[in-house]
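S.K.: My structure file coords_18.cif, mmCIF, C-alpha atoms, is below:
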data_data
loop_
_atom_site.label_atom_id
_atom_site.label_comp_id
_atom_site.auth_asym_id
_atom_site.auth_seq_id
_atom_site.Cartn_x
_atom_site.Cartn_y
_atom_site.Cartn_z
CA MET D 13 14.32 6.36 0.51
CA THR D 14 10.71 7.45 0.32
CA THR D 15 8.71 10.37 1.59
CA ASN D 16 6.42 10.42 4.59
CA PHE D 17 3.61 12.39 3.04
CA VAL D 18 4.51 14.23 -0.15
CA GLY D 19 3.21 12.14 -3.04
CA GLN D 20 1.31 9.84 -0.67
CA PRO D 21 -0.84 9.18 -2.57
CA THR D 22 0.02 10.22 -6.08
CA ILE D 23 -2.80 10.36 -8.57
CA ARG D 24 -1.42 9.74 -12.04
CA LEU D 25 -3.27 10.98 -15.08
CA LYS D 26 -2.66 10.64 -18.80
CA THR D 27 -4.10 14.03 -19.57
CA VAL D 28 -6.02 16.75 -17.78
CA ASP D 29 -6.92 20.39 -18.38
CA SER D 30 -4.69 21.54 -15.54
CA THR D 31 -3.37 19.66 -12.54
CA ASN D 32 -4.15 22.67 -10.33
CA LYS D 33 -7.79 22.67 -11.41
CA TYR D 34 -7.97 18.93 -10.89
CA ALA D 35 -6.55 19.37 -7.40
CA ALA D 36 -9.04 22.14 -6.61
CA ASN D 37 -11.87 19.90 -7.74
CA PHE D 38 -10.49 17.04 -5.72
CA MET D 39 -10.32 19.21 -2.62
CA SER D 40 -13.90 20.32 -2.97
CA LEU D 41 -15.33 16.86 -3.67
CA SER D 42 -13.47 14.49 -1.45
CA GLU D 43 -11.53 14.04 1.74
CA TRP D 44 -7.82 14.40 1.08
CA SER D 45 -4.65 14.11 3.03
CA GLU D 46 -1.81 16.60 3.05
CA GLY D 47 0.81 15.69 0.49
CA THR D 48 -1.56 14.24 -2.09
CA ALA D 49 -0.05 14.85 -5.51
CA ILE D 50 -1.56 15.00 -8.97
CA LEU D 51 0.85 14.02 -11.74
CA SER D 52 -0.21 14.24 -15.37
CA GLU D 53 1.61 13.33 -18.57
CA HIS D 54 -0.12 16.11 -20.42
CA GLN D 55 -1.98 19.33 -19.71
CA THR D 56 -4.30 20.97 -22.19
CA GLU D 57 -4.63 24.19 -20.25
CA GLY D 58 -1.53 24.39 -18.15
CA ARG D 59 -0.68 27.92 -17.35
CA GLY D 60 2.13 29.82 -15.86
CA ARG D 61 2.06 33.19 -14.30
CA LYS D 62 0.06 35.74 -16.21
CA ASP D 63 -1.39 32.85 -18.15
CA LYS D 64 1.51 32.08 -20.26
CA ASN D 65 0.87 28.56 -21.37
CA TRP D 66 3.38 26.05 -20.16
CA ASN D 67 4.07 24.40 -23.50
CA SER D 68 4.91 20.75 -23.47
CA SER D 69 4.26 17.53 -25.31
CA ALA D 70 2.74 14.48 -23.62
CA GLY D 71 5.04 12.62 -21.28
CA GLU D 72 8.05 14.84 -21.86
CA ASN D 73 7.83 17.03 -18.83
CA LEU D 74 6.89 16.83 -15.20
CA LEU D 75 3.52 18.42 -14.52
CA MET D 76 2.23 18.16 -11.01
CA SER D 77 0.21 19.75 -8.27
CA LEU D 78 0.87 19.21 -4.61
CA MET D 79 -1.95 19.59 -2.10
CA LEU D 80 -0.93 21.01 1.27
CA LYS D 81 -2.52 22.22 4.50
CA PRO D 82 -0.08 24.91 5.62
CA ASN D 83 -2.28 26.09 8.46
CA PHE D 84 0.81 27.11 10.44
CA LEU D 85 1.14 30.05 8.03
CA LEU D 86 -0.72 33.33 8.27
CA ALA D 87 -2.01 34.72 5.01
CA HIS D 88 0.39 37.65 5.00
CA GLU D 89 3.33 35.27 5.45
CA VAL D 90 2.38 32.95 2.63
CA PHE D 91 5.17 34.10 0.34
CA GLN D 92 7.41 31.89 2.46
CA LEU D 93 5.63 28.87 1.04
CA SER D 94 6.49 30.10 -2.42
CA MET D 95 10.14 30.42 -1.41
CA ALA D 96 10.25 26.92 0.08
CA MET D 97 8.67 25.32 -2.97
CA ALA D 98 11.04 27.15 -5.33
CA LEU D 99 14.01 25.98 -3.26
CA ALA D 100 12.77 22.40 -3.49
CA VAL D 101 12.47 22.55 -7.28
CA GLY D 102 15.89 24.19 -7.54
CA ALA D 103 17.47 21.53 -5.30
CA THR D 104 15.90 18.82 -7.45
CA VAL D 105 17.44 20.29 -10.60
CA SER D 106 20.85 20.56 -8.91
CA SER D 107 20.67 17.00 -7.64
CA PHE D 108 20.85 15.71 -11.21
CA GLY D 109 24.23 17.33 -11.67
CA ILE D 110 23.08 20.60 -13.21
CA ASP D 111 25.12 23.67 -12.26
CA GLN D 112 24.17 27.32 -12.03
CA VAL D 113 20.68 26.75 -10.73
CA SER D 114 18.98 29.76 -9.23
CA VAL D 115 15.54 31.05 -8.31
CA LYS D 116 14.39 34.09 -10.18
CA TRP D 117 12.23 36.27 -8.02
CA PRO D 118 9.55 35.39 -7.21
CA ASN D 119 9.50 31.68 -8.08
CA ASP D 120 10.85 30.63 -11.46
CA ILE D 121 13.72 28.18 -11.54
CA TYR D 122 16.60 29.07 -13.83
CA VAL D 123 19.65 27.32 -15.16
CA GLU D 124 22.07 30.08 -16.04
CA SER D 125 19.68 32.58 -17.63
CA LYS D 126 17.05 30.14 -18.88
CA LYS D 127 13.91 28.96 -17.23
CA ILE D 128 13.64 25.26 -16.49
CA ALA D 129 10.65 25.25 -14.15
CA GLY D 130 7.72 27.37 -13.09
CA ILE D 131 5.45 27.31 -10.06
CA LEU D 132 1.90 28.50 -9.67
CA ILE D 133 0.44 28.50 -6.18
CA GLU D 134 -3.21 28.89 -5.25
CA ASN D 135 -4.17 29.18 -1.59
CA GLN D 136 -7.41 29.01 0.29
CA VAL D 137 -7.54 31.46 3.17
CA ARG D 138 -9.99 31.51 6.05
CA GLY D 139 -9.63 34.41 8.45
CA GLN D 140 -5.89 34.85 8.77
CA ILE D 141 -5.05 31.20 8.17
CA VAL D 142 -3.93 29.47 5.00
CA VAL D 143 -6.13 26.38 5.25
CA SER D 144 -5.01 24.71 2.06
CA SER D 145 -2.70 25.24 -0.81
CA ILE D 146 -2.26 23.88 -4.32
CA VAL D 147 1.31 24.07 -5.56
CA GLY D 148 1.45 23.61 -9.32
CA ILE D 149 4.88 22.77 -10.72
CA GLY D 150 5.93 22.49 -14.35
CA LEU D 151 9.45 21.16 -14.84
CA ASN D 152 10.99 20.70 -18.30
CA VAL D 153 12.55 17.25 -18.38
CA ASN D 154 12.89 15.77 -21.86
CA GLN D 155 11.52 18.56 -24.00
CA ILE D 156 13.75 19.83 -26.79
CA ASN D 157 11.36 20.95 -29.48
CA GLY D 158 9.14 23.93 -28.95
CA LEU D 159 11.16 25.33 -26.08
CA ASP D 160 11.12 29.07 -25.89
CA ASP D 161 14.46 30.84 -26.48
CA ARG D 162 14.66 31.61 -22.81
CA ALA D 163 13.68 28.14 -21.64
CA THR D 164 15.68 24.99 -21.12
CA SER D 165 15.22 21.40 -19.96
CA PHE D 166 17.16 18.62 -18.22
CA LYS D 167 17.74 17.02 -21.60
CA LYS D 168 18.96 20.21 -23.18
CA VAL D 169 21.46 20.74 -20.39
CA LEU D 170 22.54 17.14 -19.77
CA GLY D 171 22.20 15.78 -23.29
CA ASN D 172 20.31 12.65 -22.35
CA ASP D 173 16.78 11.55 -21.51
CA LEU D 174 15.72 11.17 -17.92
CA SER D 175 12.81 9.25 -16.49
CA VAL D 176 10.11 11.69 -15.41
CA ASN D 177 9.26 9.27 -12.60
CA VAL D 178 12.79 9.37 -11.26
CA VAL D 179 12.73 13.18 -11.29
CA PHE D 180 9.32 13.12 -9.63
CA ASP D 181 10.53 10.88 -6.79
CA GLN D 182 13.43 13.22 -6.14
CA LEU D 183 11.18 16.27 -6.32
CA CYS D 184 8.83 14.75 -3.72
CA LEU D 185 11.75 14.22 -1.35
CA GLU D 186 12.93 17.81 -1.78
CA LEU D 187 9.43 19.26 -1.45
CA GLU D 188 8.95 17.37 1.78
CA LYS D 189 12.30 18.47 3.13
CA GLN D 190 11.77 22.17 2.36
CA TYR D 191 8.18 22.10 3.61
CA GLN D 192 9.34 20.66 6.91
CA THR D 193 12.02 23.32 7.16
CA LEU D 194 9.40 25.97 6.46
CA ARG D 195 7.43 24.62 9.39
CA SER D 196 10.32 24.36 11.81
CA ASN D 197 12.70 27.11 10.74
CA PRO D 198 11.27 29.60 8.26
CA LEU D 199 14.29 31.87 8.67
CA ALA D 200 16.45 29.19 7.04
CA ILE D 201 14.12 29.24 4.03
CA LEU D 202 14.52 32.99 3.70
CA GLU D 203 18.31 32.71 3.94
CA ASP D 204 18.56 29.87 1.42
CA TYR D 205 16.24 31.65 -0.95
CA ASN D 206 18.36 34.77 -0.87
CA GLU D 207 21.52 32.71 -1.18
CA GLY D 208 20.48 31.28 -4.52
CA LEU D 209 18.69 34.28 -5.95
CA TYR D 210 19.05 34.94 -9.67
CA ALA D 211 20.91 38.15 -10.61
CA LYS D 212 21.54 39.07 -6.99
CA GLY D 213 24.31 41.63 -6.69
CA ILE D 214 24.66 42.00 -10.45
CA PRO D 215 23.94 45.36 -12.10
CA ARG D 216 21.41 44.94 -14.91
CA ALA D 217 18.50 46.70 -16.55
CA TYR D 218 15.01 46.72 -15.03
CA VAL D 219 11.91 48.73 -15.75
CA PHE D 220 10.52 50.34 -12.61
CA ASN D 221 8.84 53.49 -13.81
CA GLU D 222 11.35 53.75 -16.57
CA ILE D 223 14.21 51.60 -17.69
CA GLN D 224 17.26 51.89 -15.46
CA ASN D 225 20.20 50.00 -14.15
CA ALA D 226 19.87 48.60 -10.67
CA VAL D 227 21.16 45.83 -8.45
CA LEU D 228 18.88 43.31 -6.79
CA ILE D 229 20.01 43.15 -3.16
CA GLY D 230 17.60 40.60 -1.78
CA VAL D 231 14.04 39.53 -1.14
CA GLU D 232 12.17 39.96 2.12
CA ARG D 233 9.90 37.58 3.93
CA ASN D 234 6.81 39.24 2.46
CA GLY D 235 8.13 38.87 -1.08
CA PHE D 236 9.16 42.49 -1.64
CA ALA D 237 12.54 42.88 -3.31
CA ARG D 238 15.18 45.45 -2.44
CA PHE D 239 17.10 47.12 -5.22
CA SER D 240 19.99 49.48 -5.13
CA THR D 241 19.29 52.22 -7.67
CA SER D 242 20.81 55.56 -8.59
CA GLU D 243 18.22 57.15 -6.28
CA GLY D 244 19.16 54.91 -3.37
CA GLU D 245 17.63 51.73 -2.06
CA LYS D 246 14.08 50.93 -3.15
CA HIS D 247 11.52 48.26 -2.22
CA TYR D 248 9.29 46.93 -4.94
CA ASP D 249 6.58 44.35 -5.24
CA ILE D 250 6.59 42.06 -8.24
CA ASP D 251 4.09 44.06 -10.28
CA SER D 252 6.25 47.17 -10.13
CA VAL D 253 9.28 45.57 -11.74
CA ARG D 254 9.88 44.31 -15.25
CA TRP D 255 13.03 42.50 -16.25
CA VAL D 256 14.79 43.65 -19.38
CA TRP D 257 16.24 40.81 -21.47
CA MET V 18 -5.38 4.73 2.68
CA ASN V 19 -8.60 3.16 3.97
CA LEU V 20 -11.66 1.87 2.19
CA THR V 21 -13.61 5.11 2.54
CA GLU V 22 -10.78 7.10 1.02
CA ILE V 23 -10.64 4.67 -1.90
CA GLN V 24 -14.39 4.91 -2.38
CA ASP V 25 -14.13 8.69 -2.34
CA LEU V 26 -11.42 8.54 -4.94
CA ILE V 27 -13.45 6.31 -7.24
CA LYS V 28 -16.44 8.62 -6.90
CA PHE V 29 -14.26 11.58 -7.67
CA VAL V 30 -12.71 9.93 -10.70
CA ALA V 31 -16.16 9.09 -12.07
CA LYS V 32 -17.20 12.72 -11.70
CA SER V 33 -13.99 14.24 -12.96
CA GLY V 34 -14.28 13.04 -16.54
CA VAL V 35 -10.75 11.75 -16.67
CA THR V 36 -10.52 8.38 -18.40
CA GLU V 37 -7.69 6.74 -16.58
CA VAL V 38 -6.29 7.32 -13.16
CA GLU V 39 -3.55 5.52 -11.37
CA ILE V 40 -3.22 6.01 -7.67
CA GLU V 41 -0.03 5.03 -6.00
CA LYS V 42 0.94 4.93 -2.39
CA LYS V 43 3.84 3.27 -0.66
CA ASP V 44 2.33 -0.18 -0.45
CA PHE V 45 -0.14 -0.35 -3.30
CA LYS V 46 -1.31 0.92 -6.64
CA ILE V 47 -4.83 1.13 -8.08
CA THR V 48 -5.75 1.87 -11.64
CA ILE V 49 -9.24 3.15 -12.33
CA LYS V 50 -10.43 3.18 -15.92
CA ALA V 51 -13.66 4.79 -16.93
CA GLU V 52 -13.76 4.05 -20.68
CA ASN V 53 -17.47 3.28 -20.91
CA LEU V 54 -18.48 6.42 -19.16
CA ARG V 55 -17.02 8.51 -21.87
CA LYS V 56 -17.67 6.53 -25.02
CA GLY V 57 -20.02 8.14 -27.53
CA ARG V 58 -22.81 10.38 -26.43
CA GLY V 59 -20.73 13.26 -25.32
CA VAL V 60 -23.96 14.49 -23.85
CA GLU V 61 -22.72 15.35 -20.45
CA PRO V 62 -20.13 18.04 -20.47
CA GLN V 63 -17.45 16.71 -18.21
CA PRO V 64 -16.61 19.43 -15.75
CA VAL V 65 -12.87 18.96 -15.82
CA TYR V 66 -12.73 18.99 -19.59
CA GLN V 67 -14.94 21.96 -20.12
CA ALA V 68 -11.95 23.96 -20.88
CA MET V 69 -11.66 26.94 -23.11
CA PRO V 70 -10.34 26.21 -26.55
CA MET V 71 -6.58 26.07 -26.49
CA ALA V 72 -6.25 28.56 -29.27
CA MET V 73 -7.62 31.22 -27.01
CA PRO V 74 -4.73 32.70 -25.08
CA ALA V 75 -7.03 32.64 -22.16
CA ALA V 76 -6.37 35.29 -19.61
CA GLN V 77 -7.49 33.15 -16.75
CA MET V 78 -6.48 35.62 -14.19
CA PRO V 79 -6.71 39.27 -14.97
CA ALA V 80 -3.30 40.67 -15.61
CA PRO V 81 -2.80 43.04 -12.74
CA THR V 82 -1.09 45.54 -14.96
CA ALA V 83 -4.15 45.97 -17.15
CA PRO V 84 -5.99 49.01 -15.82
CA ALA V 85 -9.39 47.48 -16.67
CA PRO V 86 -10.77 50.14 -18.96
CA ALA V 87 -14.27 48.83 -18.40
CA ALA V 88 -14.84 51.36 -15.64
CA ALA V 89 -14.92 50.31 -12.05
CA PRO V 90 -18.23 48.79 -11.05
CA ALA V 91 -20.52 51.47 -9.75
CA PRO V 92 -21.88 49.85 -6.58
CA ALA V 93 -18.64 49.94 -4.68
CA ALA V 94 -17.77 53.43 -5.78
CA ALA V 95 -21.16 54.96 -5.13
CA PRO V 96 -21.90 56.29 -1.67
CA ALA V 97 -23.51 53.68 0.50
CA PRO V 98 -27.25 53.57 0.04
CA VAL V 99 -27.49 51.43 3.15
CA ALA V 100 -27.70 53.01 6.52
CA GLU V 101 -24.62 52.14 8.54
CA ASN V 102 -25.62 49.51 10.97
CA LYS V 103 -23.47 48.67 13.93
CA ASN V 104 -24.47 45.02 13.70
CA TYR V 105 -22.88 44.54 10.35
CA ILE V 106 -19.61 42.67 10.26
CA GLU V 107 -16.67 43.81 8.23
CA ILE V 108 -14.60 41.19 6.46
CA LYS V 109 -11.08 42.51 6.26
CA SER V 110 -8.18 41.69 4.02
CA PRO V 111 -5.66 39.29 5.57
CA MET V 112 -2.92 40.55 3.26
CA ILE V 113 -1.60 43.19 0.89
CA GLY V 114 -2.39 42.52 -2.75
CA THR V 115 -4.79 43.01 -5.62
CA PHE V 116 -8.48 42.37 -5.09
CA TYR V 117 -10.40 40.34 -7.67
CA ARG V 118 -14.10 39.64 -7.56
CA LYS V 119 -14.05 36.93 -10.26
CA PRO V 120 -12.01 33.75 -10.69
CA SER V 121 -11.19 34.99 -14.22
CA PRO V 122 -12.44 37.85 -16.40
CA ASP V 123 -14.98 35.72 -18.27
CA LYS V 124 -16.43 34.10 -15.15
CA PRO V 125 -19.25 35.33 -12.92
CA LEU V 126 -18.58 37.29 -9.74
CA PHE V 127 -17.92 35.27 -6.60
CA VAL V 128 -20.49 37.29 -4.65
CA GLU V 129 -22.76 40.24 -5.21
CA VAL V 130 -24.61 42.55 -2.86
CA GLY V 131 -27.64 40.70 -1.50
CA ASP V 132 -26.07 37.24 -1.77
CA THR V 133 -26.27 34.91 1.17
CA ILE V 134 -22.93 33.51 2.22
CA LYS V 135 -21.84 30.65 4.46
CA PRO V 136 -18.51 29.53 5.88
CA GLY V 137 -16.24 28.21 3.16
CA ASP V 138 -17.79 30.24 0.33
CA VAL V 139 -15.16 32.03 -1.73
CA LEU V 140 -15.67 35.80 -1.59
CA CYS V 141 -12.77 37.07 -3.67
CA ILE V 142 -9.23 36.40 -4.78
CA ILE V 143 -6.31 38.42 -3.53
CA GLU V 144 -3.25 38.14 -5.67
CA ALA V 145 0.00 38.88 -3.93
CA MET V 146 3.49 38.21 -5.25
CA LYS V 147 2.07 35.88 -7.89
CA LEU V 148 0.25 33.83 -5.32
CA PHE V 149 -3.48 33.52 -5.81
CA ASN V 150 -5.38 33.51 -2.55
CA GLU V 151 -9.02 32.60 -2.37
CA ILE V 152 -10.57 34.36 0.60
CA GLU V 153 -13.29 32.25 2.18
CA ALA V 154 -16.19 33.36 4.37
CA GLU V 155 -16.06 32.42 8.03
CA ILE V 156 -19.61 33.39 8.89
CA ASN V 157 -23.18 33.04 7.70
CA GLY V 158 -24.85 36.21 6.49
CA LYS V 159 -25.86 38.44 3.67
CA VAL V 160 -23.53 40.69 1.71
CA VAL V 161 -24.65 44.26 2.35
CA LYS V 162 -21.88 46.13 0.65
CA ILE V 163 -18.66 45.51 -1.25
CA LEU V 164 -16.17 48.09 -0.14
CA VAL V 165 -13.44 47.71 -2.77
CA ASP V 166 -13.52 47.93 -6.55
CA ASP V 167 -12.62 44.89 -8.60
CA ASN V 168 -9.00 44.80 -9.70
CA SER V 169 -7.73 47.35 -7.20
CA PRO V 170 -4.84 47.27 -4.77
CA ILE V 171 -5.66 46.63 -1.13
CA GLU V 172 -3.84 46.95 2.15
CA TYR V 173 -3.54 44.56 5.06
CA ASP V 174 -6.63 44.77 7.30
CA GLN V 175 -8.57 46.90 4.82
CA PRO V 176 -12.34 46.23 5.04
CA LEU V 177 -13.54 44.39 1.93
CA PHE V 178 -17.12 43.34 2.59
CA LEU V 179 -19.90 44.41 4.90
CA VAL V 180 -22.01 41.45 5.98
CA ASP V 181 -25.31 41.29 7.82
CA PRO V 182 -24.99 38.25 10.03
CA SER V 183 -28.65 38.09 11.06
#
So, in terms of structure tokens, how does the structure I just supplied come out?
M.R.:
Amino acid sequence: MTTNFVGQPTIRLKTVDSTNKYAANFMSLSEWSEGTAILSEHQTEGRGRKDKNWNSSAGENLLMSLMLKPNFLLAHEVFQLSMAMALAVGATVSSFGIDQVSVKWPNDIYVESKKIAGILIENQVRGQIVVSSIVGIGLNVNQINGLDDRATSFKKVLGNDLSVNVVFDQLCLELEKQYQTLRSNPLAILEDYNEGLYAKGIPRAYVFNEIQNAVLIGVERNGFARFSTSEGEKHYDIDSVRWVW
Amino acid sequence: MNLTEIQDLIKFVAKSGVTEVEIEKKDFKITIKAENLRKGRGVEPQPVYQAMPMAMPAAQMPAPTAPAPAAAPAPAAAPAPVAENKNYIEIKSPMIGTFYRKPSPDKPLFVEVGDTIKPGDVLCIIEAMKLFNEIEAEINGKVVKILVDDNSPIEYDQPLFLVDPS
């Protein structure tokens, strides 16, 4: 089974500064078709959110950027793309027999309470329309050494090596599936995202203004999360909440 | 993939400074190697490789929590020296988020007052829910005024730039 457009074509690199930067360059210098993917064995400047480096050794992990034209999305709805992509990465992890996969708001993929994948999305917006999008994905496959305490990998969970190419093929299928669902039935994306949300319904400590116990109830279409707190229900954006570990 | 697309790809690979690229699509696979281009010399800084040293924990995007002690840029805060002109066009924010005037703290501003802009030019980045959104110009014109301070929160539909389209 192959995809119709995700990973068609795939540009494979040995090393690059960052696949997202490469994709941005590619977009500005050449014609490109939706679904073009950049896959690199190594990144010298890979970054996660807030510029945490995504540490990995060459060839161990899956580092890719997917180039999309989600012009059916308005800029203020673009969080839905983030949800769809996170669901696709989560489904990929599950498909290799890994249990307890969830998406931590907004878009990290967790196995139990450890991060296995991160996503960094950069969009180009003209007027109200999202004309193009670069979805950077870093997925820990065979890395064991140098993993952060709160990170994990396929190998760490399953105990054996996996081919990055096999994981990539599966990821492309899932990305295509979720992207098509986003286009045809965005409500299903919202429901699935909330279904598999990390720490949903579980009392735990967060820092809002100060540290307190709260329960994550769910995430809305615009990306705001609802918490049940001692002062009642509150809506927060991602910058107003810190997780306490 | 047609011949033009392949030619584009080869051109891009030559420019990108990457030594080896493999392109794969359903029915074929091309490998492009550019060894000779990169041997010795090292004269031309290859754009893609011009990275910051790894050791530097590069804050590529300003952390939104940092309150930027370096005082908000004066121009936006100061009262408008320009007479309000009804022919100016306001460029408004398509979303809620945080407004950034630079791609990263150590990079130059996307646009400044007086700059000429054209459709497709990036004017600013709005970060929202960890998504980075480059806001592109839709019109030709000249930036008359920047209505929001760098690194500040913005609302949906809030005017960001005043542009003279003439």
S.K.: Write out as an MDAnalysis selection string the residues lying within 10 Å of D:Thr31, counting only C-alpha atoms and excluding same-chain residues fewer than 4 positions away.
M.R.: chainID D and resid 25 27 35:37 49:52 54:59 75:78 146:150
S.K.: Expanded to explicit residues, what is the PyMOL selection byres ((chain V and resi 112) around 10) for this file, as a list in words?
M.R.: Leu86, Ala87, His88, Glu89, Val90, Gln140 and Asn234 of chain D; Lys109, Ser110, Pro111, Ile113, Gly114, Thr115, Ile143, Glu144, Ala145, Asn150, Ile171, Glu172, Tyr173, Asp174 and Gln175 of chain V
S.K.: For chain D, which residue out of V:Ile163, V:Val30, V:Leu177, V:Leu20 is the nearest one, using all atoms listed in the file?
M.R.: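 Smallest distance to chain D is found for V:Val30.
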S.K.: Please return, as an MDAnalysis selection string, all polymer residues that have at least one atom within 12 Å of the point (17.2, 17.1, -7.7); use all atoms listed in the file and the file's own coordinate frame.
M.R.: chainID D and resid 99:111 113 151 153 166 174 176 178:187 189
S.K.: Using only C-alpha atoms, find each residue of chain D with at least one atom at most 9 Å away from an atom of chain V; report its shortest atom-to-atom pair and that distance in Å (one decimal), sort the rows by chain and rising residue number, and return the result as a Markdown table.
M.R.:
| residue | atom | partner | partner_atom | distance |
| --- | --- | --- | --- | --- |
| D:Thr14 | CA | V:Lys43 | CA | 8.1 |
| D:Thr15 | CA | V:Lys43 | CA | 8.9 |
| D:Gly19 | CA | V:Lys42 | CA | 7.6 |
| D:Gln20 | CA | V:Lys42 | CA | 5.2 |
| D:Pro21 | CA | V:Lys42 | CA | 4.6 |
| D:Thr22 | CA | V:Glu41 | CA | 5.2 |
| D:Ile23 | CA | V:Ile40 | CA | 4.5 |
| D:Arg24 | CA | V:Glu39 | CA | 4.8 |
| D:Leu25 | CA | V:Val38 | CA | 5.1 |
| D:Lys26 | CA | V:Glu37 | CA | 6.7 |
| D:Thr27 | CA | V:Val35 | CA | 7.6 |
| D:Val28 | CA | V:Val35 | CA | 7.0 |
| D:Asp29 | CA | V:Tyr66 | CA | 6.1 |
| D:Ser30 | CA | V:Val65 | CA | 8.6 |
| D:Lys33 | CA | V:Val65 | CA | 7.7 |
| D:Tyr34 | CA | V:Val65 | CA | 7.0 |
| D:Asn37 | CA | V:Ser33 | CA | 8.0 |
| D:Phe38 | CA | V:Phe29 | CA | 6.9 |
| D:Leu41 | CA | V:Phe29 | CA | 6.7 |
| D:Ser42 | CA | V:Asp25 | CA | 5.9 |
| D:Glu43 | CA | V:Glu22 | CA | 7.0 |
| D:Trp44 | CA | V:Glu22 | CA | 7.9 |
| D:Thr56 | CA | V:Met71 | CA | 7.0 |
| D:Glu57 | CA | V:Met71 | CA | 6.8 |
| D:Arg59 | CA | V:Gln77 | CA | 8.6 |
| D:Arg61 | CA | V:Lys147 | CA | 7.0 |
| D:Lys62 | CA | V:Ala80 | CA | 6.0 |
| D:Asp63 | CA | V:Ala76 | CA | 5.7 |
| D:Lys64 | CA | V:Pro74 | CA | 7.9 |
| D:Asn65 | CA | V:Pro74 | CA | 7.9 |
| D:Leu86 | CA | V:Pro111 | CA | 8.2 |
| D:Ala87 | CA | V:Pro111 | CA | 5.9 |
| D:His88 | CA | V:Met112 | CA | 4.7 |
| D:Glu89 | CA | V:Met112 | CA | 8.5 |
| D:Val90 | CA | V:Leu148 | CA | 8.3 |
| D:Phe91 | CA | V:Met146 | CA | 7.1 |
| D:Ser94 | CA | V:Leu148 | CA | 7.8 |
| D:Pro118 | CA | V:Met146 | CA | 7.0 |
| D:Asn119 | CA | V:Lys147 | CA | 8.5 |
| D:Leu132 | CA | V:Leu148 | CA | 7.1 |
| D:Ile133 | CA | V:Leu148 | CA | 5.4 |
| D:Glu134 | CA | V:Phe149 | CA | 4.7 |
| D:Asn135 | CA | V:Asn150 | CA | 4.6 |
| D:Gln136 | CA | V:Glu151 | CA | 4.7 |
| D:Val137 | CA | V:Ile152 | CA | 4.9 |
| D:Arg138 | CA | V:Glu153 | CA | 5.1 |
| D:Gly139 | CA | V:Glu155 | CA | 6.7 |
| D:Gln140 | CA | V:Pro111 | CA | 5.5 |
| D:Ile141 | CA | V:Pro111 | CA | 8.5 |
| D:Val142 | CA | V:Asn150 | CA | 8.7 |
| D:Ser145 | CA | V:Asn150 | CA | 8.9 |
| D:Asn234 | CA | V:Met146 | CA | 8.5 |
| D:Gly235 | CA | V:Met146 | CA | 6.3 |
| D:Phe236 | CA | V:Met146 | CA | 8.0 |
| D:Asp249 | CA | V:Met146 | CA | 6.9 |
| D:Ile250 | CA | V:Met146 | CA | 5.8 |
| D:Asp251 | CA | V:Thr82 | CA | 7.1 |
| D:Ser252 | CA | V:Thr82 | CA | 8.9 |
S.K.: Quick one: of D:Val143, D:Val219, D:Leu170, D:Met95, who's nearest to D:Ile121, counting only C-alpha atoms?
M.R.: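 Checking each of D:Val143, D:Val219, D:Leu170, D:Met95 against D:Ile121, counting only C-alpha atoms, the winner is D:Met95.
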S.K.: What is the atom CA of D:Pro198-atom CA of V:Leu140 distance in Å, reported with one decimal?
M.R.: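 Separation between atom CA of D:Pro198 and atom CA of V:Leu140: 29.3 Å.
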S.K.: Would you compute the distance between atom CA of V:Ile106 and atom CA of V:Arg118? Give it in Å to one decimal.
M.R.: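 Between atom CA of V:Ile106 and atom CA of V:Arg118 the gap is 18.9 Å.
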S.K.: To one decimal in Å, tell me the separation between atom CA of D:Met97 and atom CA of D:Ile201.
M.R.: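 Separation of atom CA of D:Met97 and atom CA of D:Ile201: 9.7 Å.
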S.K.: Of the residues D:Ile223, D:Leu74, D:Ala98, D:Met79, which is the one nearest to D:Asn154, using only C-alpha atoms?
M.R.: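 Once distances to D:Asn154 are computed over only C-alpha atoms, the minimum belongs to D:Leu74.
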S.K.: Given the PyMOL selection byres ((chain D and resi 126) around 10) and the file above, list the residues it selects as an mmCIF file with C-alpha atoms, in the frame of the given file.
M.R.:
data_model
loop_
_atom_site.group_PDB
_atom_site.id
_atom_site.type_symbol
_atom_site.label_atom_id
_atom_site.label_comp_id
_atom_site.auth_asym_id
_atom_site.auth_seq_id
_atom_site.Cartn_x
_atom_site.Cartn_y
_atom_site.Cartn_z
ATOM 1 C CA VAL D 113 20.680 26.750 -10.730
ATOM 2 C CA SER D 114 18.980 29.760 -9.230
ATOM 3 C CA LYS D 116 14.390 34.090 -10.180
ATOM 4 C CA ASP D 120 10.850 30.630 -11.460
ATOM 5 C CA ILE D 121 13.720 28.180 -11.540
ATOM 6 C CA TYR D 122 16.600 29.070 -13.830
ATOM 7 C CA VAL D 123 19.650 27.320 -15.160
ATOM 8 C CA GLU D 124 22.070 30.080 -16.040
ATOM 9 C CA SER D 125 19.680 32.580 -17.630
ATOM 10 C CA LYS D 127 13.910 28.960 -17.230
ATOM 11 C CA ILE D 128 13.640 25.260 -16.490
ATOM 12 C CA ALA D 129 10.650 25.250 -14.150
ATOM 13 C CA ASP D 160 11.120 29.070 -25.890
ATOM 14 C CA ASP D 161 14.460 30.840 -26.480
ATOM 15 C CA ARG D 162 14.660 31.610 -22.810
ATOM 16 C CA ALA D 163 13.680 28.140 -21.640
ATOM 17 C CA THR D 164 15.680 24.990 -21.120
ATOM 18 C CA SER D 165 15.220 21.400 -19.960
#
S.K.: Please evaluate the PyMOL selection byres ((chain D and resi 206) around 12) against the displayed coordinates and give the resulting residues as a ChimeraX atom specification.
M.R.: /D:92,95-96,98-99,114-119,199-205,207-213,228-233,235,237-238
